[in-house]
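**Student:** Just one file: model-v2.cif, with mmCIF, C-alpha atoms.
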data_query
#
loop_
_atom_site.group_PDB
_atom_site.id
_atom_site.type_symbol
_atom_site.label_atom_id
_atom_site.label_comp_id
_atom_site.auth_asym_id
_atom_site.auth_seq_id
_atom_site.Cartn_x
_atom_site.Cartn_y
_atom_site.Cartn_z
ATOM 1 C CA MET A 1 -13.789 -1.899 -18.981
ATOM 2 C CA THR A 2 -13.073 -0.295 -15.607
ATOM 3 C CA GLN A 3 -11.773 -2.310 -12.683
ATOM 4 C CA ARG A 4 -15.089 -1.880 -10.877
ATOM 5 C CA ALA A 5 -16.955 -3.167 -13.955
ATOM 6 C CA ARG A 6 -14.536 -6.110 -14.230
ATOM 7 C CA LYS A 7 -14.969 -6.888 -10.544
ATOM 8 C CA THR A 8 -18.764 -6.674 -10.852
ATOM 9 C CA ARG A 9 -18.699 -8.784 -13.999
ATOM 10 C CA SER A 10 -16.451 -11.347 -12.286
ATOM 11 C CA VAL A 11 -18.840 -11.669 -9.344
ATOM 12 C CA GLU A 12 -21.848 -11.974 -11.655
ATOM 13 C CA ALA A 13 -20.072 -14.534 -13.850
ATOM 14 C CA ALA A 14 -19.057 -16.569 -10.822
ATOM 15 C CA LYS A 15 -22.668 -16.620 -9.606
ATOM 16 C CA LEU A 16 -23.830 -17.815 -13.029
ATOM 17 C CA GLY A 17 -21.070 -20.392 -13.291
ATOM 18 C CA GLU A 18 -19.540 -18.694 -16.338
ATOM 19 C CA PRO A 19 -15.791 -18.892 -16.879
ATOM 20 C CA ILE A 20 -13.902 -15.780 -15.820
ATOM 21 C CA SER A 21 -11.144 -14.561 -18.113
ATOM 22 C CA ALA A 22 -7.726 -13.551 -16.802
ATOM 23 C CA LYS A 23 -8.493 -10.019 -18.009
ATOM 24 C CA ASP A 24 -11.466 -9.870 -15.633
ATOM 25 C CA CYS A 25 -9.359 -10.799 -12.594
ATOM 26 C CA ILE A 26 -7.021 -8.230 -11.140
ATOM 27 C CA MET A 27 -4.677 -9.742 -8.618
ATOM 28 C CA ALA A 28 -3.137 -7.793 -5.779
ATOM 29 C CA ILE A 29 0.546 -8.306 -5.027
ATOM 30 C CA THR A 30 2.127 -9.110 -1.675
ATOM 31 C CA LEU A 31 3.740 -6.494 0.524
ATOM 32 C CA ALA A 32 7.151 -8.056 -0.197
ATOM 33 C CA GLN A 33 6.531 -7.862 -3.965
ATOM 34 C CA ALA A 34 5.386 -4.238 -3.668
ATOM 35 C CA THR A 35 8.457 -3.379 -1.587
ATOM 36 C CA ASN A 36 10.705 -5.073 -4.147
ATOM 37 C CA HIS A 37 9.133 -2.950 -6.893
ATOM 38 C CA LEU A 38 9.617 0.159 -4.741
ATOM 39 C CA ILE A 39 13.311 -0.722 -4.405
ATOM 40 C CA GLU A 40 13.515 -0.784 -8.227
ATOM 41 C CA VAL A 41 11.473 2.408 -8.727
ATOM 42 C CA SER A 42 13.580 4.283 -6.162
ATOM 43 C CA ASN A 43 16.822 3.147 -7.828
ATOM 44 C CA LYS A 44 17.704 1.450 -4.542
ATOM 45 C CA THR A 45 17.526 4.685 -2.524
ATOM 46 C CA VAL A 46 14.461 3.981 -0.345
ATOM 47 C CA VAL A 47 15.344 3.221 3.289
ATOM 48 C CA ALA A 48 13.828 0.541 5.500
ATOM 49 C CA LEU A 49 12.287 3.113 7.860
ATOM 50 C CA THR A 50 10.046 4.521 5.110
ATOM 51 C CA ALA A 51 9.570 1.611 2.678
ATOM 52 C CA SER A 52 6.411 0.139 4.181
ATOM 53 C CA ARG A 53 4.948 3.619 4.617
ATOM 54 C CA VAL A 54 5.485 4.462 0.944
ATOM 55 C CA VAL A 55 3.927 1.132 -0.075
ATOM 56 C CA TYR A 56 1.013 1.819 2.289
ATOM 57 C CA PHE A 57 0.552 5.247 0.686
ATOM 58 C CA ALA A 58 0.634 3.606 -2.767
ATOM 59 C CA HIS A 59 -1.965 1.086 -1.587
ATOM 60 C CA MET A 60 -4.234 3.900 -0.385
ATOM 61 C CA LEU A 61 -3.820 5.807 -3.679
ATOM 62 C CA HIS A 62 -4.537 2.648 -5.692
ATOM 63 C CA MET A 63 -7.670 1.920 -3.665
ATOM 64 C CA GLY A 64 -8.969 5.437 -4.254
ATOM 65 C CA GLU A 65 -8.131 5.581 -7.936
ATOM 66 C CA THR A 66 -9.623 2.133 -8.659
ATOM 67 C CA GLU A 67 -12.665 2.598 -6.423
ATOM 68 C CA GLY A 68 -11.586 0.020 -3.866
ATOM 69 C CA GLY A 69 -9.153 -2.196 -5.785
ATOM 70 C CA LEU A 70 -6.386 -3.646 -3.634
ATOM 71 C CA LEU A 71 -2.759 -3.054 -4.524
ATOM 72 C CA VAL A 72 -1.421 -5.227 -1.710
ATOM 73 C CA SER A 73 -3.108 -8.495 -0.774
ATOM 74 C CA ASP A 74 -1.667 -8.485 2.755
ATOM 75 C CA ARG A 75 -3.723 -6.904 5.540
ATOM 76 C CA PHE A 76 -2.114 -3.714 6.843
ATOM 77 C CA PHE A 77 -1.715 -3.343 10.594
ATOM 78 C CA ALA A 78 -1.296 -0.202 12.683
ATOM 79 C CA MET A 79 1.815 -0.964 14.725
ATOM 80 C CA PRO A 80 4.179 1.097 16.868
ATOM 81 C CA THR A 81 6.527 1.134 13.853
ATOM 82 C CA GLY A 82 3.830 2.358 11.433
ATOM 83 C CA PRO A 83 1.556 0.639 8.913
ATOM 84 C CA GLY A 84 2.676 -2.717 7.541
ATOM 85 C CA THR A 85 2.715 -6.331 8.609
ATOM 86 C CA PRO A 86 4.583 -7.746 11.590
ATOM 87 C CA GLU A 87 6.531 -10.094 9.288
ATOM 88 C CA MET A 88 7.594 -7.310 6.915
ATOM 89 C CA GLN A 89 8.527 -4.970 9.774
ATOM 90 C CA LEU A 90 10.802 -7.696 11.144
ATOM 91 C CA GLN A 91 12.453 -8.093 7.736
ATOM 92 C CA LEU A 92 12.846 -4.329 7.342
ATOM 93 C CA SER A 93 14.340 -3.924 10.824
ATOM 94 C CA LYS A 94 17.025 -6.458 9.904
ATOM 95 C CA ARG A 95 18.088 -4.230 7.002
ATOM 96 C CA GLY A 96 19.096 -1.306 9.221
ATOM 97 C CA GLN A 97 19.085 2.358 8.186
ATOM 98 C CA ALA A 98 20.942 2.052 4.888
ATOM 99 C CA PRO A 99 19.057 2.236 1.584
ATOM 100 C CA LEU A 100 17.466 -1.043 0.550
ATOM 101 C CA ARG A 101 19.702 -2.556 -2.131
ATOM 102 C CA TYR A 102 18.478 -6.147 -2.361
ATOM 103 C CA PRO A 103 14.951 -7.500 -2.839
ATOM 104 C CA PHE A 104 13.056 -9.503 -0.255
ATOM 105 C CA ALA A 105 12.136 -13.137 -0.746
ATOM 106 C CA ALA A 106 8.924 -13.095 -2.774
ATOM 107 C CA ALA A 107 7.309 -15.103 -5.523
ATOM 108 C CA PRO A 108 8.159 -13.859 -9.021
ATOM 109 C CA PHE A 109 5.518 -11.549 -10.414
ATOM 110 C CA LYS A 110 4.823 -9.402 -13.424
ATOM 111 C CA ILE A 111 4.076 -5.853 -12.425
ATOM 112 C CA GLY A 112 1.079 -4.278 -14.079
ATOM 113 C CA ARG A 113 -0.903 -1.192 -13.149
ATOM 114 C CA GLU A 114 0.169 -1.818 -9.566
ATOM 115 C CA GLY A 115 3.533 -0.409 -10.516
ATOM 116 C CA ASP A 116 1.967 2.915 -11.457
ATOM 117 C CA ALA A 117 0.619 3.426 -7.930
ATOM 118 C CA ILE A 118 3.997 2.578 -6.402
ATOM 119 C CA ALA A 119 5.820 4.895 -8.817
ATOM 120 C CA LYS A 120 3.320 7.695 -8.115
ATOM 121 C CA ALA A 121 3.666 7.305 -4.350
ATOM 122 C CA TRP A 122 7.463 7.338 -4.669
ATOM 123 C CA SER A 123 7.398 10.444 -6.887
ATOM 124 C CA ILE A 124 5.298 12.236 -4.245
ATOM 125 C CA MET A 125 7.406 11.115 -1.263
ATOM 126 C CA LYS A 126 10.967 10.705 -2.583
ATOM 127 C CA ASP A 127 12.084 14.201 -1.602
ATOM 128 C CA MET A 128 10.490 14.066 1.853
ATOM 129 C CA SER A 129 12.577 13.370 4.923
ATOM 130 C CA PRO A 130 11.852 10.082 6.736
ATOM 131 C CA GLU A 131 10.294 12.116 9.553
ATOM 132 C CA ARG A 132 7.925 13.884 7.130
ATOM 133 C CA ILE A 133 6.905 10.570 5.512
ATOM 134 C CA ILE A 134 6.151 9.156 8.964
ATOM 135 C CA HIS A 135 4.097 12.251 9.791
ATOM 136 C CA GLU A 136 2.134 12.139 6.521
ATOM 137 C CA VAL A 137 1.169 8.487 6.942
ATOM 138 C CA GLN A 138 0.450 8.652 10.666
ATOM 139 C CA ARG A 139 -1.129 12.104 11.023
ATOM 140 C CA GLU A 140 -4.597 12.841 12.345
ATOM 141 C CA LYS A 141 -7.574 11.393 10.425
ATOM 142 C CA THR A 142 -5.484 8.788 8.612
ATOM 143 C CA ALA A 143 -6.517 5.141 8.818
ATOM 144 C CA PHE A 144 -3.393 4.553 10.916
ATOM 145 C CA ALA A 145 -4.267 7.268 13.444
ATOM 146 C CA ARG A 146 -7.853 6.052 13.738
ATOM 147 C CA THR A 147 -6.769 2.418 14.249
ATOM 148 C CA TYR A 148 -3.568 2.593 16.295
ATOM 149 C CA GLU A 149 -3.711 1.864 20.007
ATOM 150 C CA ARG A 150 -0.537 2.530 21.989
ATOM 151 C CA ASN A 151 1.937 -0.359 21.770
ATOM 152 C CA ARG A 152 -0.602 -2.698 20.167
ATOM 153 C CA VAL A 153 -0.881 -4.239 16.735
ATOM 154 C CA ALA A 154 -4.346 -3.669 15.257
ATOM 155 C CA ALA A 155 -5.651 -4.568 11.781
ATOM 156 C CA MET A 156 -6.525 -1.611 9.572
ATOM 157 C CA SER A 157 -9.732 -2.081 7.592
ATOM 158 C CA ASP A 158 -9.838 -1.530 3.845
ATOM 159 C CA ARG A 159 -12.794 0.766 4.493
ATOM 160 C CA SER A 160 -10.754 3.036 6.763
ATOM 161 C CA ILE A 161 -7.955 3.148 4.164
ATOM 162 C CA MET A 162 -10.480 4.102 1.458
ATOM 163 C CA GLU A 163 -11.947 6.769 3.766
ATOM 164 C CA GLU A 164 -8.427 8.178 4.196
ATOM 165 C CA PHE A 165 -8.129 8.569 0.422
ATOM 166 C CA LEU A 166 -11.502 10.316 0.291
ATOM 167 C CA PHE A 167 -10.500 12.615 3.179
ATOM 168 C CA LEU A 168 -7.217 13.561 1.474
ATOM 169 C CA HIS A 169 -8.973 14.247 -1.827
ATOM 170 C CA ASP A 170 -11.981 16.102 -0.467
ATOM 171 C CA ASP A 171 -12.386 19.169 -2.684
ATOM 172 C CA SER A 172 -14.954 20.910 -0.495
#
Represent the structure of the file as structure tokens.

**Tutor:**
Amino acid sequence: MTQRARKTRSVEAAKLGEPISAKDCIMAITLAQATNHLIEVSNKTVVALTASRVVYFAHMLHMGETEGGLLVSDRFFAMPTGPGTPEMQLQLSKRGQAPLRYPFAAAPFKIGREGDAIAKAWSIMKDMSPERIIHEVQREKTAFARTYERNRVAAMSDRSIMEEFLFLHDDS
């Protein structure tokens, strides 16, 4: 059963009062949990400057490949420092420019298919310079570029993130 079918089935079951199995529910992980998994996937080589951007890219890929499924439960914001959350950006800024070696405080979790999106994003971006990663995530027509207002923090909609995936994968 596809994620979309599970999601549809879950909504229908909830309306009918039927019990919903754990298999039918796909839970998104927090930004801290996703970043912790990225630290593992990167063999502790990802740097603070690019970590939230790689996770954002993974989130966008996951949304596109699952027809709207969320990888990260946190709302992404377009901020002067790039996409992420104000809380996570503060934590990342405390880590400096060195590679991230230690995980962030986050509830324990078992990584599922979410890990595939993070690993895929890392495999695409691992050889890019930090400047190139910033450019790729913040370039024209991305959800970030369409949402960001100079020196302001603005919430990025899931719809705009999904539209970014569709724009990047437009075969016409």

**Student:** Which residues, written as a PyMOL selection string, have at least one atom at most 10 Å from stretch 118-120 of chain A, with only C-alpha atoms counted and residues fewer than 6 positions away on the same chain left out?

**Tutor:** chain A and resi 34-35+37-38+40-42+54-59+61-62+71+126

**Student:** Show me, as a ChimeraX atom specification, the residues that have an atom within 8 Å of A:Met162 when counting all atoms listed in the file, minus same-chain residues fewer than 2 positions from it.

**Tutor:** /A:60,63-64,68,158-160,164-166

**Student:** Taking the file as shown, what set of residues would the PyMOL selection byres ((chain A and resi 147) around 12) give back, as JSON, numbers by chain?

**Tutor:** {"A": [76, 77, 78, 79, 80, 82, 83, 138, 139, 140, 141, 142, 143, 144, 145, 146, 148, 149, 150, 151, 152, 153, 154, 155, 156, 157, 158, 159, 160, 161, 164]}

**Student:** Once 6 Å is added on each side, what are the centre and the three edge lengths, in Å to one decimal, of the axis-aligned box enclosing the listed atoms of stretch 154-159 of chain A? Present them as AutoDock Vina command-line options.

**Tutor:**
--center_x -8.6 --center_y -1.9 --center_z 9.6 --size_x 20.4 --size_y 17.3 --size_z 23.4

**Student:** How far is it from atom CA of A:Val72 to atom CA of A:Asp127, in Å with one decimal?

**Tutor:**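 These atoms are spaced 23.7 Å apart.
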
**Student:** From the list A:Asn43, A:Asn36, A:Gln91, A:Leu31, which residue is nearest A:Asp74 when using only C-alpha atoms?

**Tutor:**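 Among the listed residues, the smallest separation from A:Asp74 belongs to A:Leu31.
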
**Student:** Between atom CA of A:Pro103 and atom CA of A:Trp122, what is the distance, to one decimal in Å?

**Tutor:**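 Separation of atom CA of A:Pro103 and atom CA of A:Trp122: 16.7 Å.
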
**Student:** Using all atoms listed in the file, find the one residue out of A:Ser73, A:Thr66, A:Ser129, A:Gln89 that sits nearest to A:Ser52.

**Tutor:**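 Among A:Ser73, A:Thr66, A:Ser129, A:Gln89, it is A:Gln89 that comes nearest to A:Ser52.
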
**Student:** Which residue, A:Val46, A:Thr81, A:Ala106, A:Leu100, has the smallest gap to A:Met128 when you use all atoms listed in the file?

**Tutor:** A:Val46

**Student:** One decimal, Å: what's the distance from atom CA of A:Ala28 over to atom CA of A:Asp170, could you say?

**Tutor:**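 We find that atom CA of A:Ala28 and atom CA of A:Asp170 lie 26.0 Å from each other.
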
**Student:** Can you find the residues with an atom no farther than 12 Å from (14.1, -0.6, 12.2), counting all atoms listed in the file, and report them as a list in words?

**Tutor:**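 Within the cut-off we find Val47, Ala48, Leu49, Thr50, Ala51, Ser52, Pro80, Thr81, Gly82, Pro86, Met88, Gln89, Leu90, Gln91, Leu92, Ser93, Lys94, Arg95, Gly96, Gln97 and Ala98 of chain A.
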